[in-house]
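Let me begin by presenting the structure, written as structure tokens, before commenting on it.
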Amino acid sequence: MTILARTLDIGEPITLWRHSAVSAELFDVPERPMEGEMDPFFFLTREKNFIPHEYPCRTDFAQIYRDKRPDERATGEPDTVWLGFGSPRLDLSGFWFRATRIAARAETLIRAEAAGPSRLRLATCGGAILTVNGREVLWTGHYRRNFENAIEVEIELEAGENRVEVFFDDLAERDTRFYVQLDYLAGPAADQAIPVDCPSEDAAAIEAALEAFHFPHATHDGIDVRLVLPHPLGVAAQAEIAVEGDFMSHDVMAPIRRALSPDSTEIDLGPADNLPADFRHFVLRLSSGGFTASRVFGTEISHAGKQGTAPESEAARIAEALSAVAEGGEADTVRALARLALGDGGEETRAMIAAALERIDACWDCADFALVPLIWCRTRWPELLGEEFCARIDRTILGYRYWMDEPGNDVQWYFSENHALLFHTAAHLGGALLPDVVFARSRRTGREQSQVGRERLEKWFDHFEAWEMAEFNSAPYFPIDLKGLTALFALSPDARLRERAGRGIARLIELVANSSHQGVLTAAQGRSYEHTLRGTTTLELSAIARMLWGKGSYGTRFHATPQLALCLRDHGLELPDLADRACLSDDEAQEWRFAQGENCFARLYHHKSADHAMGSAMAYRWGEWGYQETLIHLRLGTRPETQIWINHPGEIIHSGFGRPSYWGGSASIPRVQQYRDLAIVMFDGVAPQPEFTHCWFPARDFDMASVSGDTALAQSGRAQLVLRGSGAFEQVADGPTAGYELRLAGRKSWWLVRLGSDALHGDGRGFSARFSRLAPREESGRLIVEDPDYGAVVFHADGVVEAEGRRIDPADMTVSGTREALPRGPI
């Protein structure tokens, strides 16, 4: 038997597996209502990352299966290779839009040098059965959603090969952590291995290639897209590449196939202009003989170059936005709305709507995102849709579940602010559209349904106007809130709701402008994802900035852009011109201090000039387990991609589904304090969190970048940066983030950030000489940095910052905020 093997040290996890595909079957329970309300604190987790809200499907599932031996059932054969790439887990996590019972099985070999006792530790969030050499040695069935449970077992290993098999299962609800981790805690000297269907040296070559492949660019705009290797592949192989969006993307592309020779050092995927824009996952499967292994590589595909400069007039930019969505958006109800607004109700437009109807009928999670623009389409353009198709749409509107008090069997997320807004907006507008018809689940007439939606919207606005965004300042959630607000502004029969919606739209746009650098949001964010952080030119806020302020570009994923365009074009929405604020151009700097979330739980600080910007969260949950918060974010120069953020990864796997993930959020929330262009970030993590912190550092995109020991320097345009670390930086040289990631070893570390500019500090050598030895010193809980421009900057343990004779206290932050013009240099 040919095998692929690697060492297995005491205390280390098994990282070589063969596993089956995930088997899945819907888990339906009797339809019934739930109790609960919008929860503005749902992601402020206390017990690791456990979200406490439980759906009836979980309640019923737990009554049947919790704390019982898992119901072992048939799966496919374990014929898929898992190589780990640094992840300690066999991780098959994903996103399931309905309650779904899932299962998989996996196998590996422990090859012991001698017989003897050993101890294994198995961790999973669901249930699992562990078998060694055909004998069941443990089972676990905790089944708490996304909450890890671990169990240890003593076993006797035989000399030579020991066959290890795991069956694991769970109930999947939305984002689901579906994994097993098996640690070798004690035992004889051993290695781990899996059988492979090719010579072992060929399998090793495939593994080495997947370890080293990377994109040489973080953003591809007007250039060829290539995955490159620093060395020849070493074996003839077939490459199959699936191009995918994030978990919300439903458009499917045909895979790209390439034949590779042993001398191959790249895979050419063609021009970026021929691929769909947005942040994309390229799932690379390499095959040689009968052996296949895969890995995910992420990059942004941008069409900004061919889109060119934005039109000068607002009217022309609005028309451009509608055309961009109608022609280039993903095939969903948002794109259908843009097409209808341009007079196209043809077969292709109807097909987009028809595909969405099935998901809405089934009450998929996030169906509310599709329902609101659907109701807009049905309300405004029935003549383009036709009587028969309108009747089909009406059946969907009448059959949908609009809130928890209505009976249902779904896992729609009712608890967050953005979803609550869309549920209530859909109820209000759908009821107004069909006032005399009974809605199937609520048993209310449309008129009654609309009134209930209106009352709930009034309460939503009361909360929003007092505390604004619970998911504070979050790039992916501005457009979703704008989706609901623009629909209300355009369609609500209630004048008071229209007025409140208009004020809400204006306020969200102001928040984006205040925290933007050259039109691109650059700020601490309450919830973030890899695709919303790394997708700089194609994030929807870039499209909105282009339409409003003339800077930005269009991707393919939209929530609110055409609705905002129609409010401006057709419904009398007036917004102040904030282009000068979003895109500073003079010699002044702006300091923006404000709070968001109920009881001002997030206090936010932002400082920017024409050259650079940085935003952070002040005194925010230091040392607690994080969820998806990005606590510091900065940008240099005029190129959107020259950005940096720093976090403690929540998992080792790239492009995973963890919350926090590799880039989105922090496993341990750091102490972050900022004064103008200076910031300190201190991590104090704990086991089992990953043993490094890291920084997105796009060295290839800067005009200049260097890393030496504990100091990194960068320049983009007229902006300059120095990064200092508590130890030597490691530049990641291989894999998905090669050339774009700096690491600091250990869970406890500090990072110091200092921004500057040519205008203030001269050339790069002068800037480096002035700032490259900055470091914090600690005195009685205070951190002090002697800054050449600001003097002594004192970061107090209660979050207060003192410098230049000023005192910035997070307790003074208000929701309305304070925006202050400062000189670019010292005060």
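Going by the structure tokens order, chains are called A, B, ..., each with residues numbered from 1, while ligands are numbered from 1 in the order shown.
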
What are the closest atom pairs, with distances in Å to one decimal, for all residues of range 555-585 of chain A lying within 7 Å of range 478-499 of chain A? Consider only C-alpha atoms, order rows by chain and residue number, and present the result as a tab-separated table.
residue	atom	partner	partner_atom	distance
A:His559	CA	A:Pro479	CA	5.8
A:Ala560	CA	A:Lys483	CA	4.6
A:Gln563	CA	A:Thr486	CA	6.0
A:Leu564	CA	A:Thr486	CA	6.0
A:Cys567	CA	A:Ala490	CA	6.1
A:His571	CA	A:Ala490	CA	5.9

Can you list, as JSON, numbers by chain, every residue of range 18-258 of chain A that DSSP puts in helix (DSSP H, G or I)? {"A": [56, 57, 58, 59, 60, 61, 62, 63, 64, 65, 200, 201, 202, 203, 204, 205, 206, 207, 208, 209, 210, 211, 212]}

Do you know which residues are at most 9 Å from Val325 in chain A counting only C-alpha atoms, after dropping those on the same chain fewer than 4 positions away, and could you put them as a list in words? Glu320, Ala321, Gly329, Glu330, Val334, Arg335, Ala336, Ala338, Arg339, Tyr554, Gly555, Thr556, Arg557, Phe558, Thr561 and Pro562 of chain A

Please identify all polymer residues within 12 Å of Thr818 in chain A, counting only C-alpha atoms, omitting same-chain residues fewer than 3 positions from it, and present them as a list in words. Leu511, Asn514, Gln590, Glu591, Trp592, Arg593, Phe594, Ala595, Arg603, Leu604, Tyr605, His606, His607, Ile808, Pro810, Asp812, Met813, Thr814, Val815 and Ala821 of chain A

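When only C-alpha atoms are used to compute distances to Pro373 in chain A, the closest of the residues A:Leu429, A:Cys125, A:Val164, A:Ile509 turns out to be A:Leu429.
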
Closest contacts (range 486-548 of chain A/range 644-666 of chain A, max 12 Å, only C-alpha atoms) as JSON lines:
{"residue": "A:Thr522", "atom": "CA", "partner": "A:Ile644", "partner_atom": "CA", "distance": 9.4}
{"residue": "A:Ala523", "atom": "CA", "partner": "A:Trp645", "partner_atom": "CA", "distance": 9.5}
{"residue": "A:Ala524", "atom": "CA", "partner": "A:Trp645", "partner_atom": "CA", "distance": 9.2}
{"residue": "A:Gln525", "atom": "CA", "partner": "A:Gly665", "partner_atom": "CA", "distance": 9.1}
{"residue": "A:Gly526", "atom": "CA", "partner": "A:Gly665", "partner_atom": "CA", "distance": 8.6}
{"residue": "A:Arg527", "atom": "CA", "partner": "A:Gly665", "partner_atom": "CA", "distance": 7.3}
{"residue": "A:Ser528", "atom": "CA", "partner": "A:Gly664", "partner_atom": "CA", "distance": 5.2}
{"residue": "A:Tyr529", "atom": "CA", "partner": "A:Gly664", "partner_atom": "CA", "distance": 4.4}
{"residue": "A:Glu530", "atom": "CA", "partner": "A:Gly664", "partner_atom": "CA", "distance": 5.2}
{"residue": "A:His531", "atom": "CA", "partner": "A:Gly664", "partner_atom": "CA", "distance": 8.6}
{"residue": "A:Thr532", "atom": "CA", "partner": "A:Gly664", "partner_atom": "CA", "distance": 8.6}
{"residue": "A:Leu533", "atom": "CA", "partner": "A:Gly664", "partner_atom": "CA", "distance": 7.6}
{"residue": "A:Arg534", "atom": "CA", "partner": "A:Trp663", "partner_atom": "CA", "distance": 9.0}
{"residue": "A:Thr536", "atom": "CA", "partner": "A:Ile644", "partner_atom": "CA", "distance": 11.5}

Could those residues be written to a file, using N, CA, C and O atoms, as a PDB file, in the first residue's frame?
ATOM      1  N   THR A 522     -12.819  53.007   5.965  1.00  0.00           N
ATOM      2  CA  THR A 522     -11.562  52.628   6.618  1.00  0.00           C
ATOM      3  C   THR A 522     -11.769  52.843   8.105  1.00  0.00           C
ATOM      4  O   THR A 522     -11.578  53.955   8.606  1.00  0.00           O
ATOM      5  N   ALA A 523     -12.167  51.797   8.822  1.00  0.00           N
ATOM      6  CA  ALA A 523     -12.597  52.021  10.194  1.00  0.00           C
ATOM      7  C   ALA A 523     -12.745  50.708  10.935  1.00  0.00           C
ATOM      8  O   ALA A 523     -12.839  49.639  10.324  1.00  0.00           O
ATOM      9  N   ALA A 524     -12.788  50.809  12.273  1.00  0.00           N
ATOM     10  CA  ALA A 524     -13.163  49.666  13.087  1.00  0.00           C
ATOM     11  C   ALA A 524     -14.595  49.267  12.733  1.00  0.00           C
ATOM     12  O   ALA A 524     -15.451  50.124  12.489  1.00  0.00           O
ATOM     13  N   GLN A 525     -14.859  47.945  12.730  1.00  0.00           N
ATOM     14  CA  GLN A 525     -16.163  47.450  12.311  1.00  0.00           C
ATOM     15  C   GLN A 525     -16.630  46.354  13.257  1.00  0.00           C
ATOM     16  O   GLN A 525     -15.861  45.466  13.627  1.00  0.00           O
ATOM     17  N   GLY A 526     -17.907  46.410  13.599  1.00  0.00           N
ATOM     18  CA  GLY A 526     -18.457  45.464  14.556  1.00  0.00           C
ATOM     19  C   GLY A 526     -18.571  44.056  14.025  1.00  0.00           C
ATOM     20  O   GLY A 526     -18.481  43.090  14.787  1.00  0.00           O
ATOM     21  N   ARG A 527     -18.799  43.909  12.736  1.00  0.00           N
ATOM     22  CA  ARG A 527     -18.813  42.568  12.131  1.00  0.00           C
ATOM     23  C   ARG A 527     -18.157  42.658  10.768  1.00  0.00           C
ATOM     24  O   ARG A 527     -18.464  43.551   9.968  1.00  0.00           O
ATOM     25  N   SER A 528     -17.235  41.740  10.528  1.00  0.00           N
ATOM     26  CA  SER A 528     -16.498  41.746   9.273  1.00  0.00           C
ATOM     27  C   SER A 528     -16.268  40.305   8.833  1.00  0.00           C
ATOM     28  O   SER A 528     -16.349  39.366   9.622  1.00  0.00           O
ATOM     29  N   TYR A 529     -15.993  40.143   7.570  1.00  0.00           N
ATOM     30  CA  TYR A 529     -15.697  38.854   6.956  1.00  0.00           C
ATOM     31  C   TYR A 529     -14.445  39.017   6.104  1.00  0.00           C
ATOM     32  O   TYR A 529     -14.092  40.121   5.698  1.00  0.00           O
ATOM     33  N   GLU A 530     -13.808  37.894   5.782  1.00  0.00           N
ATOM     34  CA  GLU A 530     -12.654  37.981   4.896  1.00  0.00           C
ATOM     35  C   GLU A 530     -13.021  38.701   3.604  1.00  0.00           C
ATOM     36  O   GLU A 530     -12.291  39.579   3.138  1.00  0.00           O
ATOM     37  N   HIS A 531     -14.158  38.350   3.002  1.00  0.00           N
ATOM     38  CA  HIS A 531     -14.496  38.927   1.705  1.00  0.00           C
ATOM     39  C   HIS A 531     -14.854  40.398   1.796  1.00  0.00           C
ATOM     40  O   HIS A 531     -14.708  41.121   0.807  1.00  0.00           O
ATOM     41  N   THR A 532     -15.298  40.876   2.958  1.00  0.00           N
ATOM     42  CA  THR A 532     -15.607  42.305   3.065  1.00  0.00           C
ATOM     43  C   THR A 532     -14.379  43.121   3.447  1.00  0.00           C
ATOM     44  O   THR A 532     -14.363  44.329   3.235  1.00  0.00           O
ATOM     45  N   LEU A 533     -13.356  42.492   4.007  1.00  0.00           N
ATOM     46  CA  LEU A 533     -12.114  43.187   4.298  1.00  0.00           C
ATOM     47  C   LEU A 533     -11.193  43.209   3.076  1.00  0.00           C
ATOM     48  O   LEU A 533     -10.616  44.256   2.743  1.00  0.00           O
ATOM     49  N   ARG A 534     -11.058  42.078   2.410  1.00  0.00           N
ATOM     50  CA  ARG A 534     -10.113  41.984   1.298  1.00  0.00           C
ATOM     51  C   ARG A 534     -10.694  42.501  -0.009  1.00  0.00           C
ATOM     52  O   ARG A 534      -9.947  42.825  -0.934  1.00  0.00           O
ATOM     53  N   THR A 536     -11.792  45.345  -1.707  1.00  0.00           N
ATOM     54  CA  THR A 536     -11.750  46.788  -1.468  1.00  0.00           C
ATOM     55  C   THR A 536     -12.421  47.596  -2.577  1.00  0.00           C
ATOM     56  O   THR A 536     -13.183  48.512  -2.300  1.00  0.00           O
TER      57      THR A 536
END

Which residues are close to Ser294 in chain A, i.e. within 12 Å by only C-alpha atoms, leaving aside same-chain residues fewer than 2 positions away? Reply as a ChimeraX atom specification. /A:80-85,203,206-211,213,238-242,282-288,291-292,296-297

Atomic separation - CA of Leu374 in chain A relative to CA of Leu337 in chain A, Å: 7.5 Å

What are the closest atom pairs, with distances in Å to one decimal, for each residue of range 439-474 of chain A lying within 12 Å of range 609-629 of chain A, using only C-alpha atoms, rows by chain and rising residue number, as a Markdown table?
| residue | atom | partner | partner_atom | distance |
| --- | --- | --- | --- | --- |
| A:Ala470 | CA | A:Glu629 | CA | 11.7 |
| A:Glu471 | CA | A:Glu629 | CA | 8.9 |
| A:Phe472 | CA | A:Glu629 | CA | 9.0 |
| A:Asn473 | CA | A:Glu629 | CA | 10.3 |
| A:Ser474 | CA | A:Glu629 | CA | 9.0 |

Please compute the CA of Thr2 in chain A-CA of Ala104 in chain A distance, one decimal, in Å. 24.3 Å
